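File shown: final-v6.pdb. Contents: PDB, C-alpha atoms.
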ATOM      1  CA  MET C 418    -125.152 -63.930 135.335  1.00  0.00           C
ATOM      2  CA  GLN C 419    -127.822 -65.335 133.046  1.00  0.00           C
ATOM      3  CA  PRO C 420    -126.807 -66.215 129.447  1.00  0.00           C
ATOM      4  CA  LYS C 421    -128.871 -63.440 127.801  1.00  0.00           C
ATOM      5  CA  GLU C 422    -127.583 -60.906 130.304  1.00  0.00           C
ATOM      6  CA  LEU C 423    -124.011 -62.001 129.527  1.00  0.00           C
ATOM      7  CA  ALA C 424    -124.554 -61.694 125.768  1.00  0.00           C
ATOM      8  CA  ASP C 425    -126.091 -58.236 126.164  1.00  0.00           C
ATOM      9  CA  LYS C 426    -123.246 -57.106 128.410  1.00  0.00           C
ATOM     10  CA  ILE C 427    -120.682 -58.305 125.862  1.00  0.00           C
ATOM     11  CA  ALA C 428    -122.521 -56.462 123.088  1.00  0.00           C
ATOM     12  CA  ALA C 429    -122.526 -53.270 125.187  1.00  0.00           C
ATOM     13  CA  ILE C 430    -118.776 -53.568 125.857  1.00  0.00           C
ATOM     14  CA  ILE C 431    -118.142 -54.012 122.138  1.00  0.00           C
ATOM     15  CA  ASP C 432    -120.338 -51.014 121.386  1.00  0.00           C
ATOM     16  CA  ASP C 433    -118.384 -48.913 123.900  1.00  0.00           C
ATOM     17  CA  LYS C 434    -115.200 -49.821 122.007  1.00  0.00           C
ATOM     18  CA  LYS C 435    -116.772 -48.719 118.717  1.00  0.00           C
ATOM     19  CA  GLY C 436    -117.325 -52.199 117.317  1.00  0.00           C
ATOM     20  CA  ASN C 437    -119.435 -52.368 114.162  1.00  0.00           C
ATOM     21  CA  ASP C 438    -122.479 -54.401 113.103  1.00  0.00           C
ATOM     22  CA  ILE C 439    -122.979 -56.048 116.494  1.00  0.00           C
ATOM     23  CA  LEU C 440    -125.207 -59.103 116.293  1.00  0.00           C
ATOM     24  CA  VAL C 441    -126.416 -61.367 119.088  1.00  0.00           C
ATOM     25  CA  LEU C 442    -127.553 -64.834 117.946  1.00  0.00           C
ATOM     26  CA  ASN C 443    -129.553 -67.113 120.212  1.00  0.00           C
ATOM     27  CA  MET C 444    -127.924 -70.530 119.861  1.00  0.00           C
ATOM     28  CA  GLU C 445    -130.123 -72.354 122.401  1.00  0.00           C
ATOM     29  CA  GLY C 446    -131.310 -75.605 120.879  1.00  0.00           C
ATOM     30  CA  ILE C 447    -129.056 -75.108 117.843  1.00  0.00           C
ATOM     31  CA  SER C 448    -125.578 -75.555 119.291  1.00  0.00           C
ATOM     32  CA  TYR C 449    -124.510 -77.616 122.278  1.00  0.00           C
ATOM     33  CA  MET C 450    -121.423 -75.393 122.704  1.00  0.00           C
ATOM     34  CA  THR C 451    -123.038 -72.188 123.919  1.00  0.00           C
ATOM     35  CA  ASP C 452    -126.301 -70.294 124.359  1.00  0.00           C
ATOM     36  CA  TYR C 453    -125.310 -67.147 122.440  1.00  0.00           C
ATOM     37  CA  PHE C 454    -122.941 -65.936 119.758  1.00  0.00           C
ATOM     38  CA  VAL C 455    -121.990 -62.278 119.818  1.00  0.00           C
ATOM     39  CA  ILE C 456    -120.545 -61.227 116.460  1.00  0.00           C
ATOM     40  CA  ALA C 457    -118.961 -57.878 115.660  1.00  0.00           C
ATOM     41  CA  SER C 458    -116.590 -56.213 113.221  1.00  0.00           C
ATOM     42  CA  ALA C 459    -113.695 -53.814 113.598  1.00  0.00           C
ATOM     43  CA  SER C 460    -111.766 -51.795 111.059  1.00  0.00           C
ATOM     44  CA  ASN C 461    -108.214 -52.907 111.942  1.00  0.00           C
ATOM     45  CA  THR C 462    -106.327 -55.529 113.940  1.00  0.00           C
ATOM     46  CA  THR C 463    -105.525 -53.084 116.734  1.00  0.00           C
ATOM     47  CA  GLN C 464    -109.223 -52.438 117.268  1.00  0.00           C
ATOM     48  CA  VAL C 465    -110.052 -56.162 117.072  1.00  0.00           C
ATOM     49  CA  ARG C 466    -107.549 -56.813 119.893  1.00  0.00           C
ATOM     50  CA  ALA C 467    -108.713 -53.795 121.903  1.00  0.00           C
ATOM     51  CA  ILE C 468    -112.303 -55.023 121.789  1.00  0.00           C
ATOM     52  CA  ALA C 469    -111.245 -58.530 122.873  1.00  0.00           C
ATOM     53  CA  ASP C 470    -109.170 -57.091 125.719  1.00  0.00           C
ATOM     54  CA  ALA C 471    -112.075 -54.919 126.877  1.00  0.00           C
ATOM     55  CA  VAL C 472    -114.494 -57.867 126.872  1.00  0.00           C
ATOM     56  CA  GLU C 473    -112.091 -59.977 128.932  1.00  0.00           C
ATOM     57  CA  ASP C 474    -111.220 -57.177 131.356  1.00  0.00           C
ATOM     58  CA  LYS C 475    -114.768 -55.963 131.998  1.00  0.00           C
ATOM     59  CA  LEU C 476    -116.157 -59.473 132.471  1.00  0.00           C
ATOM     60  CA  ALA C 477    -113.273 -60.486 134.759  1.00  0.00           C
ATOM     61  CA  GLU C 478    -114.400 -57.659 137.059  1.00  0.00           C
ATOM     62  CA  GLU C 479    -117.638 -59.626 137.423  1.00  0.00           C
ATOM     63  CA  GLU C 480    -115.870 -62.974 137.913  1.00  0.00           C
ATOM     64  CA  VAL C 481    -116.636 -64.160 134.366  1.00  0.00           C
ATOM     65  CA  PHE C 482    -113.480 -65.465 132.750  1.00  0.00           C
ATOM     66  CA  CYS C 483    -112.526 -66.498 129.238  1.00  0.00           C
ATOM     67  CA  ARG C 484    -112.361 -70.289 128.923  1.00  0.00           C
ATOM     68  CA  HIS C 485    -110.623 -70.307 125.574  1.00  0.00           C
ATOM     69  CA  LYS C 486    -109.225 -67.719 123.178  1.00  0.00           C
ATOM     70  CA  GLU C 487    -108.152 -68.067 119.540  1.00  0.00           C
ATOM     71  CA  GLY C 488    -106.738 -65.711 116.936  1.00  0.00           C
ATOM     72  CA  TYR C 489    -105.413 -63.005 119.245  1.00  0.00           C
ATOM     73  CA  ASN C 490    -101.891 -62.881 117.800  1.00  0.00           C
ATOM     74  CA  GLU C 491    -103.130 -62.443 114.239  1.00  0.00           C
ATOM     75  CA  GLY C 492    -105.968 -60.124 115.246  1.00  0.00           C
ATOM     76  CA  ARG C 493    -108.060 -60.847 112.159  1.00  0.00           C
ATOM     77  CA  TRP C 494    -110.723 -62.978 113.881  1.00  0.00           C
ATOM     78  CA  ILE C 495    -110.636 -63.389 117.636  1.00  0.00           C
ATOM     79  CA  LEU C 496    -112.855 -65.964 119.288  1.00  0.00           C
ATOM     80  CA  LEU C 497    -113.498 -65.693 123.028  1.00  0.00           C
ATOM     81  CA  ASP C 498    -115.327 -68.547 124.748  1.00  0.00           C
ATOM     82  CA  MET C 499    -117.014 -66.956 127.736  1.00  0.00           C
ATOM     83  CA  GLY C 500    -119.089 -70.058 128.513  1.00  0.00           C
ATOM     84  CA  ASP C 501    -122.712 -69.137 127.904  1.00  0.00           C
ATOM     85  CA  ALA C 502    -121.623 -66.776 125.105  1.00  0.00           C
ATOM     86  CA  VAL C 503    -118.981 -67.122 122.412  1.00  0.00           C
ATOM     87  CA  VAL C 504    -117.651 -63.851 121.043  1.00  0.00           C
ATOM     88  CA  HIS C 505    -116.473 -63.472 117.429  1.00  0.00           C
ATOM     89  CA  ILE C 506    -114.633 -60.235 116.660  1.00  0.00           C
ATOM     90  CA  PHE C 507    -113.690 -59.901 113.005  1.00  0.00           C
ATOM     91  CA  LEU C 508    -111.907 -57.587 110.679  1.00  0.00           C
ATOM     92  CA  GLU C 509    -114.664 -56.491 108.306  1.00  0.00           C
ATOM     93  CA  GLU C 510    -113.279 -58.427 105.319  1.00  0.00           C
ATOM     94  CA  GLU C 511    -112.866 -61.601 107.399  1.00  0.00           C
ATOM     95  CA  ARG C 512    -116.447 -61.368 108.623  1.00  0.00           C
ATOM     96  CA  ASN C 513    -117.707 -61.046 105.062  1.00  0.00           C
ATOM     97  CA  PHE C 514    -115.622 -64.041 103.983  1.00  0.00           C
ATOM     98  CA  TYR C 515    -116.660 -66.426 106.794  1.00  0.00           C
ATOM     99  CA  ASN C 516    -120.258 -65.128 106.959  1.00  0.00           C
ATOM    100  CA  LEU C 517    -121.254 -66.742 110.264  1.00  0.00           C
ATOM    101  CA  GLU C 518    -124.661 -65.103 110.008  1.00  0.00           C
ATOM    102  CA  GLN C 519    -125.412 -67.274 106.956  1.00  0.00           C
ATOM    103  CA  LEU C 520    -123.780 -70.370 108.430  1.00  0.00           C
ATOM    104  CA  TRP C 521    -125.988 -70.092 111.521  1.00  0.00           C
ATOM    105  CA  ALA C 522    -129.049 -68.714 109.706  1.00  0.00           C
ATOM    106  CA  ASP C 523    -131.340 -70.943 111.817  1.00  0.00           C
ATOM    107  CA  ALA C 524    -130.331 -69.017 114.951  1.00  0.00           C
ATOM    108  CA  PRO C 525    -132.728 -66.216 115.836  1.00  0.00           C
ATOM    109  CA  SER C 526    -131.134 -62.793 116.052  1.00  0.00           C
ATOM    110  CA  GLU C 527    -131.668 -61.148 119.416  1.00  0.00           C
ATOM    111  CA  GLY C 528    -130.591 -57.849 117.938  1.00  0.00           C
ATOM    112  CA  PHE C 529    -128.648 -55.182 119.748  1.00  0.00           C
ATOM    113  CA  LYS C 530    -129.524 -51.538 120.011  1.00  0.00           C
ATOM    114  CA  GLY C 531    -126.322 -49.824 121.030  1.00  0.00           C
ATOM    115  CA  THR C 532    -125.496 -46.180 121.346  1.00  0.00           C
ATOM    116  CA  GLY C 533    -124.921 -45.995 117.626  1.00  0.00           C
ATOM    117  CA  ASP C 534    -121.366 -44.739 118.129  1.00  0.00           C
ATOM    118  CA  GLY C 535    -119.843 -47.958 116.860  1.00  0.00           C
ATOM    119  CA  GLU C 536    -122.528 -49.100 114.496  1.00  0.00           C
TER     120      GLU C 536
END
Show me the file's structure as structure tokens.
Amino acid sequence: MQPKELADKIAAIIDDKKGNDILVLNMEGISYMTDYFVIASASNTTQVRAIADAVEDKLAEEEVFCRHKEGYNEGRWILLDMGDAVVHIFLEEERNFYNLEQLWADAPSEGFKGTGDGE
């Protein structure tokens, strides 16, 4: 799976789970760690975990596995390293506090046009 395809698939999975404010940032040439960040918000820790679980489960079906996971127990900000894409799933207040969009303002936004159910 190509990096952009992976990032778009992750964004679609998050959208299916009613994630909010989904943003795909192109990190190519900006970060050596990954090609894309996928950032999203959820309204409670249960939803944050459910979104993370869905991303892992759906991608595992396609032989794409999580290399590293952080924050699952707390459920306030879960990071999933999927290789070519790193997923950040935040509680809304945590996302506002850490403001990754501003931190990585040099990264072009690829945008995501979901179903609108979760946005």
Result set of the PyMOL selection byres ((chain C and resi 458) around 8) on the coordinates above, as a ChimeraX atom specification = /C:436-439,456-457,459-460,465,506-509,512
Using all atoms listed in the file: which of C:Glu487, C:Gly492, C:Tyr449, C:Leu442 has the shortest distance to C:Arg466 =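 Looking only at the distances to C:Arg466, the closest residue turns out to be C:Gly492.
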Hey, can I get the axis-aligned box for stretch 449-464 of chain C? All listed atoms, 8 Å padding on each side, centre and edge lengths in Å to one decimal, as AutoDock Vina command-line options.
--center_x -115.9 --center_y -64.7 --center_z 117.7 --size_x 36.8 --size_y 41.8 --size_z 29.3
Non-local contacts of C:Glu479 (12 Å; all atoms listed in the file; under 5 positions in same chain excluded) as a tab-separated table (two decimals) with C-alpha atoms, in the coordinates of the input:
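Printed below is around27.tsv as written:
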chain	number	residue	atom	x	y	z
C	418	MET	CA	-125.15	-63.93	135.34
C	423	LEU	CA	-124.01	-62.00	129.53
C	426	LYS	CA	-123.25	-57.11	128.41
C	472	VAL	CA	-114.49	-57.87	126.87
C	473	GLU	CA	-112.09	-59.98	128.93
C	474	ASP	CA	-111.22	-57.18	131.36
Can you tell me how far atom CA of C:Phe454 sits from atom CA of C:Leu476, in Å to one decimal?
-> 15.8 Å
Point-to-point distance in Å for atom CA of C:Glu510 and atom CA of C:Gln464 |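 Pair atom CA of C:Gln464 / atom CA of C:Glu510 returns 14.0 Å.
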N, CA, C and O atoms for stretch 459-476 of chain C, written as a PDB file, keeping the file's coordinate frame, could you do that?
ATOM      1  N   ALA C 459    -114.558 -54.946 113.285  1.00  0.00           N
ATOM      2  CA  ALA C 459    -113.695 -53.814 113.598  1.00  0.00           C
ATOM      3  C   ALA C 459    -112.910 -53.468 112.341  1.00  0.00           C
ATOM      4  O   ALA C 459    -112.762 -54.297 111.443  1.00  0.00           O
ATOM      5  N   SER C 460    -112.395 -52.258 112.290  1.00  0.00           N
ATOM      6  CA  SER C 460    -111.766 -51.795 111.059  1.00  0.00           C
ATOM      7  C   SER C 460    -110.294 -52.145 110.930  1.00  0.00           C
ATOM      8  O   SER C 460    -109.747 -52.083 109.832  1.00  0.00           O
ATOM      9  N   ASN C 461    -109.621 -52.528 112.023  1.00  0.00           N
ATOM     10  CA  ASN C 461    -108.214 -52.907 111.942  1.00  0.00           C
ATOM     11  C   ASN C 461    -107.860 -53.877 113.072  1.00  0.00           C
ATOM     12  O   ASN C 461    -108.634 -54.030 114.022  1.00  0.00           O
ATOM     13  N   THR C 462    -106.709 -54.499 112.959  1.00  0.00           N
ATOM     14  CA  THR C 462    -106.327 -55.529 113.940  1.00  0.00           C
ATOM     15  C   THR C 462    -106.130 -54.947 115.336  1.00  0.00           C
ATOM     16  O   THR C 462    -106.412 -55.620 116.326  1.00  0.00           O
ATOM     17  N   THR C 463    -105.685 -53.719 115.419  1.00  0.00           N
ATOM     18  CA  THR C 463    -105.525 -53.084 116.734  1.00  0.00           C
ATOM     19  C   THR C 463    -106.874 -52.960 117.428  1.00  0.00           C
ATOM     20  O   THR C 463    -107.005 -53.253 118.622  1.00  0.00           O
ATOM     21  N   GLN C 464    -107.896 -52.568 116.689  1.00  0.00           N
ATOM     22  CA  GLN C 464    -109.223 -52.438 117.268  1.00  0.00           C
ATOM     23  C   GLN C 464    -109.803 -53.803 117.610  1.00  0.00           C
ATOM     24  O   GLN C 464    -110.462 -53.954 118.641  1.00  0.00           O
ATOM     25  N   VAL C 465    -109.571 -54.810 116.774  1.00  0.00           N
ATOM     26  CA  VAL C 465    -110.052 -56.162 117.072  1.00  0.00           C
ATOM     27  C   VAL C 465    -109.486 -56.601 118.426  1.00  0.00           C
ATOM     28  O   VAL C 465    -110.218 -57.086 119.298  1.00  0.00           O
ATOM     29  N   ARG C 466    -108.188 -56.426 118.623  1.00  0.00           N
ATOM     30  CA  ARG C 466    -107.549 -56.813 119.893  1.00  0.00           C
ATOM     31  C   ARG C 466    -108.057 -55.973 121.064  1.00  0.00           C
ATOM     32  O   ARG C 466    -108.269 -56.485 122.158  1.00  0.00           O
ATOM     33  N   ALA C 467    -108.232 -54.682 120.837  1.00  0.00           N
ATOM     34  CA  ALA C 467    -108.713 -53.795 121.903  1.00  0.00           C
ATOM     35  C   ALA C 467    -110.107 -54.198 122.364  1.00  0.00           C
ATOM     36  O   ALA C 467    -110.404 -54.181 123.566  1.00  0.00           O
ATOM     37  N   ILE C 468    -110.960 -54.571 121.434  1.00  0.00           N
ATOM     38  CA  ILE C 468    -112.303 -55.023 121.789  1.00  0.00           C
ATOM     39  C   ILE C 468    -112.213 -56.316 122.595  1.00  0.00           C
ATOM     40  O   ILE C 468    -112.869 -56.459 123.636  1.00  0.00           O
ATOM     41  N   ALA C 469    -111.404 -57.261 122.144  1.00  0.00           N
ATOM     42  CA  ALA C 469    -111.245 -58.530 122.873  1.00  0.00           C
ATOM     43  C   ALA C 469    -110.719 -58.281 124.280  1.00  0.00           C
ATOM     44  O   ALA C 469    -111.217 -58.859 125.255  1.00  0.00           O
ATOM     45  N   ASP C 470    -109.721 -57.415 124.404  1.00  0.00           N
ATOM     46  CA  ASP C 470    -109.170 -57.091 125.719  1.00  0.00           C
ATOM     47  C   ASP C 470    -110.236 -56.485 126.629  1.00  0.00           C
ATOM     48  O   ASP C 470    -110.334 -56.833 127.811  1.00  0.00           O
ATOM     49  N   ALA C 471    -111.031 -55.574 126.088  1.00  0.00           N
ATOM     50  CA  ALA C 471    -112.075 -54.919 126.877  1.00  0.00           C
ATOM     51  C   ALA C 471    -113.113 -55.928 127.358  1.00  0.00           C
ATOM     52  O   ALA C 471    -113.542 -55.884 128.519  1.00  0.00           O
ATOM     53  N   VAL C 472    -113.518 -56.843 126.478  1.00  0.00           N
ATOM     54  CA  VAL C 472    -114.494 -57.867 126.872  1.00  0.00           C
ATOM     55  C   VAL C 472    -113.928 -58.698 128.021  1.00  0.00           C
ATOM     56  O   VAL C 472    -114.594 -58.889 129.051  1.00  0.00           O
ATOM     57  N   GLU C 473    -112.699 -59.167 127.866  1.00  0.00           N
ATOM     58  CA  GLU C 473    -112.091 -59.977 128.932  1.00  0.00           C
ATOM     59  C   GLU C 473    -111.951 -59.194 130.230  1.00  0.00           C
ATOM     60  O   GLU C 473    -112.283 -59.706 131.309  1.00  0.00           O
ATOM     61  N   ASP C 474    -111.465 -57.971 130.151  1.00  0.00           N
ATOM     62  CA  ASP C 474    -111.220 -57.177 131.356  1.00  0.00           C
ATOM     63  C   ASP C 474    -112.505 -56.835 132.092  1.00  0.00           C
ATOM     64  O   ASP C 474    -112.592 -56.989 133.318  1.00  0.00           O
ATOM     65  N   LYS C 475    -113.503 -56.371 131.362  1.00  0.00           N
ATOM     66  CA  LYS C 475    -114.768 -55.963 131.998  1.00  0.00           C
ATOM     67  C   LYS C 475    -115.497 -57.162 132.611  1.00  0.00           C
ATOM     68  O   LYS C 475    -116.077 -57.044 133.694  1.00  0.00           O
ATOM     69  N   LEU C 476    -115.473 -58.301 131.925  1.00  0.00           N
ATOM     70  CA  LEU C 476    -116.157 -59.473 132.471  1.00  0.00           C
ATOM     71  C   LEU C 476    -115.397 -60.073 133.647  1.00  0.00           C
ATOM     72  O   LEU C 476    -116.012 -60.599 134.584  1.00  0.00           O
TER      73      LEU C 476
END
